[in-house]
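Heads up: the structure comes next, in structure tokens.
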Amino acid sequence: MVLLVERIGKSFRFHSKLDHHHHHHHHHHHHESEALLGSLKAFHSDVSTCLNQLLLNSSPGSDTFSLSWFLGIFEVFPALTTAFAKLVVRIDYPMSNWDVDFMEEYLNYSLSLLELLNSITASVSHLGHARFSLSHALSLVESSSSSAMEHLKAIQPLGGGKVCKEDNKRNVGEKAFSGKEEVSRQALMEMKRIGFWVCGIVLSGLRGDAQPYLETRNLTDSSANSSLKGLDSGVHEVIMERRSLTKEVKEVNDAVACLLNAMVVGKGKDEAEELKRRLEELEKMLDSLQKEVDHLFSKVLAGRNELIDILRRRKH
């Protein structure tokens, strides 16, 4: 994707050089600032469209705070990437022209995102292990009910721990940014805000703990985007009031409780079937979520490596 941006950027650069010869310099400068602002507006509008789509698709009530809803909000990432790619093409600011300070900001952002995605992976695999143990316990129900009852335990989420390292913001001070860099920085801040917010929600849901969401929410100032504000208020309520586990995990835990109650009185065939069905559903959703996380991880890593290569070539 970034390579595509580079290519388009090159052809844009050719046209902008031609334009430059036709314009009086002062007029051109004014025209350029207008164009830059217009490009930033277009970026914000692309991002808002995507967030509004999420708002339409669902607001996270008690039933929709689920792994399938998380899969939906992960759609934000390709939309952000596309909007950012369009912006740097529009303003003709390809990666190879980025200022070192801006490169560093982008590398910091991508590293933090990779760390958040690793935390999500750890939480998904914890739930995967818990699901596997329950499937094993279920296989013992007919042959050894006492052993099965011992192993039939509700899924406990992975505990807390800080999810974000302190954001190592370099103090850029009074450095004068070029217009292109300033516009790109504004867009990057928006990507960071929304990306961290999504990861925080997913982590809080997987861990049944509000901490990750509150941490990532503090890193970002949600007042900047009204669509984000609308979505966030619904999420905030669900996470703070319920400290919720996701719908699929709750359903498994309810099915475990029903099966145990039935087994006490020597029954449980139907309840065992129900638990089996819930565990299969949980497995399917965890696999889908992990696929999304892996896909995003490799995309972020590839973009990061490309940027590091450009930096390396510059130093030689």
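Chain lettering (A, B, ...) mirrors the order of the structure tokens, residue numbering begins at 1 for each chain separately, and ligand numbering begins at 1 in order of display.
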
Non-local contacts of Leu71 in chain A (10 Å; only C-alpha atoms; under 4 positions in same chain excluded) as a ChimeraX atom specification: /A:66-67,75-76,202,285-286,288-293

Those residues with N, CA, C and O atoms, as a compact mmCIF listing (two decimals), in the first residue's frame please?
# COMPACT_ATOMS: atom_id res chain seq x y z
N SER A 66 -19.25 -8.00 22.22
CA SER A 66 -18.94 -9.39 21.89
C SER A 66 -17.72 -9.45 20.98
O SER A 66 -17.29 -8.44 20.41
N LEU A 67 -17.21 -10.65 20.81
CA LEU A 67 -16.07 -10.84 19.91
C LEU A 67 -16.45 -10.47 18.48
O LEU A 67 -15.64 -9.94 17.73
N GLU A 75 -12.35 -3.19 11.58
CA GLU A 75 -12.46 -2.65 10.22
C GLU A 75 -11.93 -1.22 10.15
O GLU A 75 -11.68 -0.70 9.07
N VAL A 76 -11.83 -0.57 11.30
CA VAL A 76 -11.33 0.80 11.33
C VAL A 76 -9.91 0.88 10.77
O VAL A 76 -9.55 1.85 10.12
N VAL A 202 -10.92 -3.64 22.91
CA VAL A 202 -10.80 -5.09 22.69
C VAL A 202 -10.10 -5.75 23.89
O VAL A 202 -10.55 -6.78 24.40
N MET A 285 -14.91 -17.71 16.97
CA MET A 285 -14.75 -16.26 17.09
C MET A 285 -13.32 -15.88 17.49
O MET A 285 -12.76 -14.91 16.98
N LEU A 286 -12.72 -16.66 18.39
CA LEU A 286 -11.33 -16.37 18.80
C LEU A 286 -10.38 -16.54 17.61
O LEU A 286 -9.47 -15.73 17.41
N SER A 288 -11.14 -16.15 14.42
CA SER A 288 -11.35 -15.03 13.48
C SER A 288 -10.66 -13.77 13.99
O SER A 288 -10.04 -13.04 13.22
N LEU A 289 -10.79 -13.53 15.30
CA LEU A 289 -10.18 -12.32 15.88
C LEU A 289 -8.65 -12.41 15.76
O LEU A 289 -8.00 -11.44 15.38
N GLN A 290 -8.10 -13.60 16.05
CA GLN A 290 -6.64 -13.74 15.97
C GLN A 290 -6.14 -13.53 14.54
O GLN A 290 -5.10 -12.92 14.32
N LYS A 291 -6.92 -14.01 13.57
CA LYS A 291 -6.54 -13.80 12.15
C LYS A 291 -6.45 -12.31 11.84
O LYS A 291 -5.52 -11.86 11.19
N GLU A 292 -7.46 -11.56 12.30
CA GLU A 292 -7.47 -10.10 12.07
C GLU A 292 -6.25 -9.44 12.70
O GLU A 292 -5.61 -8.59 12.11
N VAL A 293 -5.95 -9.85 13.95
CA VAL A 293 -4.83 -9.26 14.68
C VAL A 293 -3.52 -9.58 13.97
O VAL A 293 -2.68 -8.69 13.77

Residue contacts of range 247-262 of chain A (9 Å, only C-alpha atoms) excluding same-chain residues fewer than 4 positions away, as a ChimeraX atom specification: /A:62-68,127,131,134,149,152-155,206,266-272,274-279,281-282,285

Thr216 in chain A environment, 6 Å, only C-alpha atoms, sequence neighbours closer than 3 positions dropped, as a ChimeraX atom specification: /A:196-197,200,213,219

Could the residues in this selection be saved with N, CA and C atoms as an mmCIF file, in the first residue's frame?
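Final output, saved to result.cif:
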data_model
loop_
_atom_site.group_PDB
_atom_site.id
_atom_site.type_symbol
_atom_site.label_atom_id
_atom_site.label_comp_id
_atom_site.auth_asym_id
_atom_site.auth_seq_id
_atom_site.Cartn_x
_atom_site.Cartn_y
_atom_site.Cartn_z
ATOM 1 N N PHE A 196 -5.528 3.312 19.065
ATOM 2 C CA PHE A 196 -5.316 2.929 20.462
ATOM 3 C C PHE A 196 -6.657 2.702 21.161
ATOM 4 N N TRP A 197 -7.622 3.522 20.825
ATOM 5 C CA TRP A 197 -8.960 3.403 21.420
ATOM 6 C C TRP A 197 -9.557 2.024 21.110
ATOM 7 N N GLY A 200 -7.747 -0.662 23.067
ATOM 8 C CA GLY A 200 -8.124 -0.595 24.478
ATOM 9 C C GLY A 200 -9.463 -1.269 24.744
ATOM 10 N N TYR A 213 -8.809 -0.095 28.576
ATOM 11 C CA TYR A 213 -9.619 0.912 27.878
ATOM 12 C C TYR A 213 -9.364 2.302 28.449
ATOM 13 N N LEU A 219 -4.620 8.297 26.776
ATOM 14 C CA LEU A 219 -3.555 8.677 25.841
ATOM 15 C C LEU A 219 -4.103 9.523 24.704
#

Residue contacts of range 114-123 of chain A (12 Å, only C-alpha atoms) excluding same-chain residues fewer than 4 positions away, as a ChimeraX atom specification: /A:70,74,107-110,127-130,156-165,192,195-209,212-213,215-216,286-304

Could you turn the residues from that selection into a file that holds C-alpha atoms, as a PDB file, in the first residue's frame?
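Here's the written file selection_0.pdb:
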ATOM      1  CA  PHE A  70     -14.676  -6.462  18.061  1.00  0.00           C
ATOM      2  CA  PHE A  74     -11.169  -3.801  13.619  1.00  0.00           C
ATOM      3  CA  LEU A 107       7.844   4.697  14.122  1.00  0.00           C
ATOM      4  CA  ASN A 108       6.819   5.353  17.754  1.00  0.00           C
ATOM      5  CA  TYR A 109       3.157   5.075  16.818  1.00  0.00           C
ATOM      6  CA  SER A 110       3.682   1.799  14.948  1.00  0.00           C
ATOM      7  CA  LEU A 127      -9.051 -17.643  26.443  1.00  0.00           C
ATOM      8  CA  GLY A 128      -8.122 -20.305  23.873  1.00  0.00           C
ATOM      9  CA  HIS A 129      -6.360 -22.400  26.546  1.00  0.00           C
ATOM     10  CA  ALA A 130      -9.324 -22.026  28.910  1.00  0.00           C
ATOM     11  CA  GLN A 156     -11.368 -16.612  34.276  1.00  0.00           C
ATOM     12  CA  PRO A 157      -9.926 -13.823  32.146  1.00  0.00           C
ATOM     13  CA  LEU A 158      -6.243 -12.973  32.021  1.00  0.00           C
ATOM     14  CA  GLY A 159      -5.376 -10.485  34.743  1.00  0.00           C
ATOM     15  CA  GLY A 160      -4.476  -6.828  34.325  1.00  0.00           C
ATOM     16  CA  GLY A 161      -1.140  -5.102  34.097  1.00  0.00           C
ATOM     17  CA  LYS A 162      -0.377  -1.867  32.309  1.00  0.00           C
ATOM     18  CA  VAL A 163      -0.933  -2.081  28.582  1.00  0.00           C
ATOM     19  CA  CYS A 164       0.800   1.119  27.487  1.00  0.00           C
ATOM     20  CA  LYS A 165       4.346   2.080  28.141  1.00  0.00           C
ATOM     21  CA  LYS A 192      -3.169   7.015  16.838  1.00  0.00           C
ATOM     22  CA  GLY A 195      -6.228   2.909  16.760  1.00  0.00           C
ATOM     23  CA  PHE A 196      -5.316   2.929  20.462  1.00  0.00           C
ATOM     24  CA  TRP A 197      -8.960   3.403  21.420  1.00  0.00           C
ATOM     25  CA  VAL A 198      -9.964   0.290  19.440  1.00  0.00           C
ATOM     26  CA  CYS A 199      -7.161  -1.804  20.994  1.00  0.00           C
ATOM     27  CA  GLY A 200      -8.124  -0.595  24.478  1.00  0.00           C
ATOM     28  CA  ILE A 201     -11.753  -1.657  24.019  1.00  0.00           C
ATOM     29  CA  VAL A 202     -10.801  -5.089  22.691  1.00  0.00           C
ATOM     30  CA  LEU A 203      -8.312  -5.670  25.518  1.00  0.00           C
ATOM     31  CA  SER A 204     -10.812  -4.606  28.164  1.00  0.00           C
ATOM     32  CA  GLY A 205     -13.408  -6.976  26.720  1.00  0.00           C
ATOM     33  CA  LEU A 206     -10.987  -9.908  26.550  1.00  0.00           C
ATOM     34  CA  ARG A 207      -9.699  -9.302  30.075  1.00  0.00           C
ATOM     35  CA  GLY A 208     -13.002  -8.325  31.685  1.00  0.00           C
ATOM     36  CA  ASP A 209     -11.179  -5.315  33.106  1.00  0.00           C
ATOM     37  CA  PRO A 212      -6.745  -1.127  29.277  1.00  0.00           C
ATOM     38  CA  TYR A 213      -9.619   0.912  27.878  1.00  0.00           C
ATOM     39  CA  GLU A 215      -5.391   3.794  29.791  1.00  0.00           C
ATOM     40  CA  THR A 216      -5.641   4.023  26.011  1.00  0.00           C
ATOM     41  CA  LEU A 286     -11.330 -16.372  18.797  1.00  0.00           C
ATOM     42  CA  ASP A 287      -9.789 -17.782  15.599  1.00  0.00           C
ATOM     43  CA  SER A 288     -11.346 -15.029  13.484  1.00  0.00           C
ATOM     44  CA  LEU A 289     -10.184 -12.325  15.877  1.00  0.00           C
ATOM     45  CA  GLN A 290      -6.636 -13.745  15.974  1.00  0.00           C
ATOM     46  CA  LYS A 291      -6.543 -13.804  12.154  1.00  0.00           C
ATOM     47  CA  GLU A 292      -7.473 -10.105  12.069  1.00  0.00           C
ATOM     48  CA  VAL A 293      -4.834  -9.264  14.683  1.00  0.00           C
ATOM     49  CA  ASP A 294      -2.120 -11.233  12.836  1.00  0.00           C
ATOM     50  CA  HIS A 295      -3.028  -9.600   9.535  1.00  0.00           C
ATOM     51  CA  LEU A 296      -2.877  -6.110  11.025  1.00  0.00           C
ATOM     52  CA  PHE A 297       0.378  -6.916  12.843  1.00  0.00           C
ATOM     53  CA  SER A 298       2.119  -7.954   9.624  1.00  0.00           C
ATOM     54  CA  LYS A 299       0.799  -4.873   7.775  1.00  0.00           C
ATOM     55  CA  VAL A 300       2.059  -2.482  10.489  1.00  0.00           C
ATOM     56  CA  LEU A 301       5.391  -4.298  10.635  1.00  0.00           C
ATOM     57  CA  ALA A 302       5.858  -4.128   6.849  1.00  0.00           C
ATOM     58  CA  GLY A 303       5.180  -0.368   6.788  1.00  0.00           C
ATOM     59  CA  ARG A 304       7.565   0.105   9.677  1.00  0.00           C
TER      60      ARG A 304
END

Among the residues A:Leu56, A:Ala137, A:Leu113, A:Leu311, the one that comes closest to Met191 in chain A [using only C-alpha atoms]: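 The shortest atom-to-atom distance to Met191 in chain A comes from A:Leu113.
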
Alpha helix (DSSP H) per DSSP on the backbone: members of range 33-187 of chain A, as a PyMOL selection string: chain A and resi 33-57+67-73+76-90+100-139+145-151+179-187

Long-range neighbours of Lys180 in chain A as a VMD selection string, 8 Å cut-off, only C-alpha atoms, 2 positions minimum in chain: chain A and resid 36 91 93 177 to 178 182 to 184

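The protein and nucleic acid residues lying at most 12 Å from Leu37 in chain A are His30, His31, Glu32, Ser33, Glu34, Leu40, Lys41, Ala42, Phe43, His44, Leu87, Arg90, Ile91, Gly179, Lys180, Glu182, Val183, Ser184, Gln186 and Ala187 of chain A, with only C-alpha atoms considered and sequence neighbours fewer than 3 positions away removed.
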
Residue among A:Thr246, A:Val264, A:Trp69, A:Phe84 lying closest to Tyr106 in chain A, counting only C-alpha atoms: A:Phe84
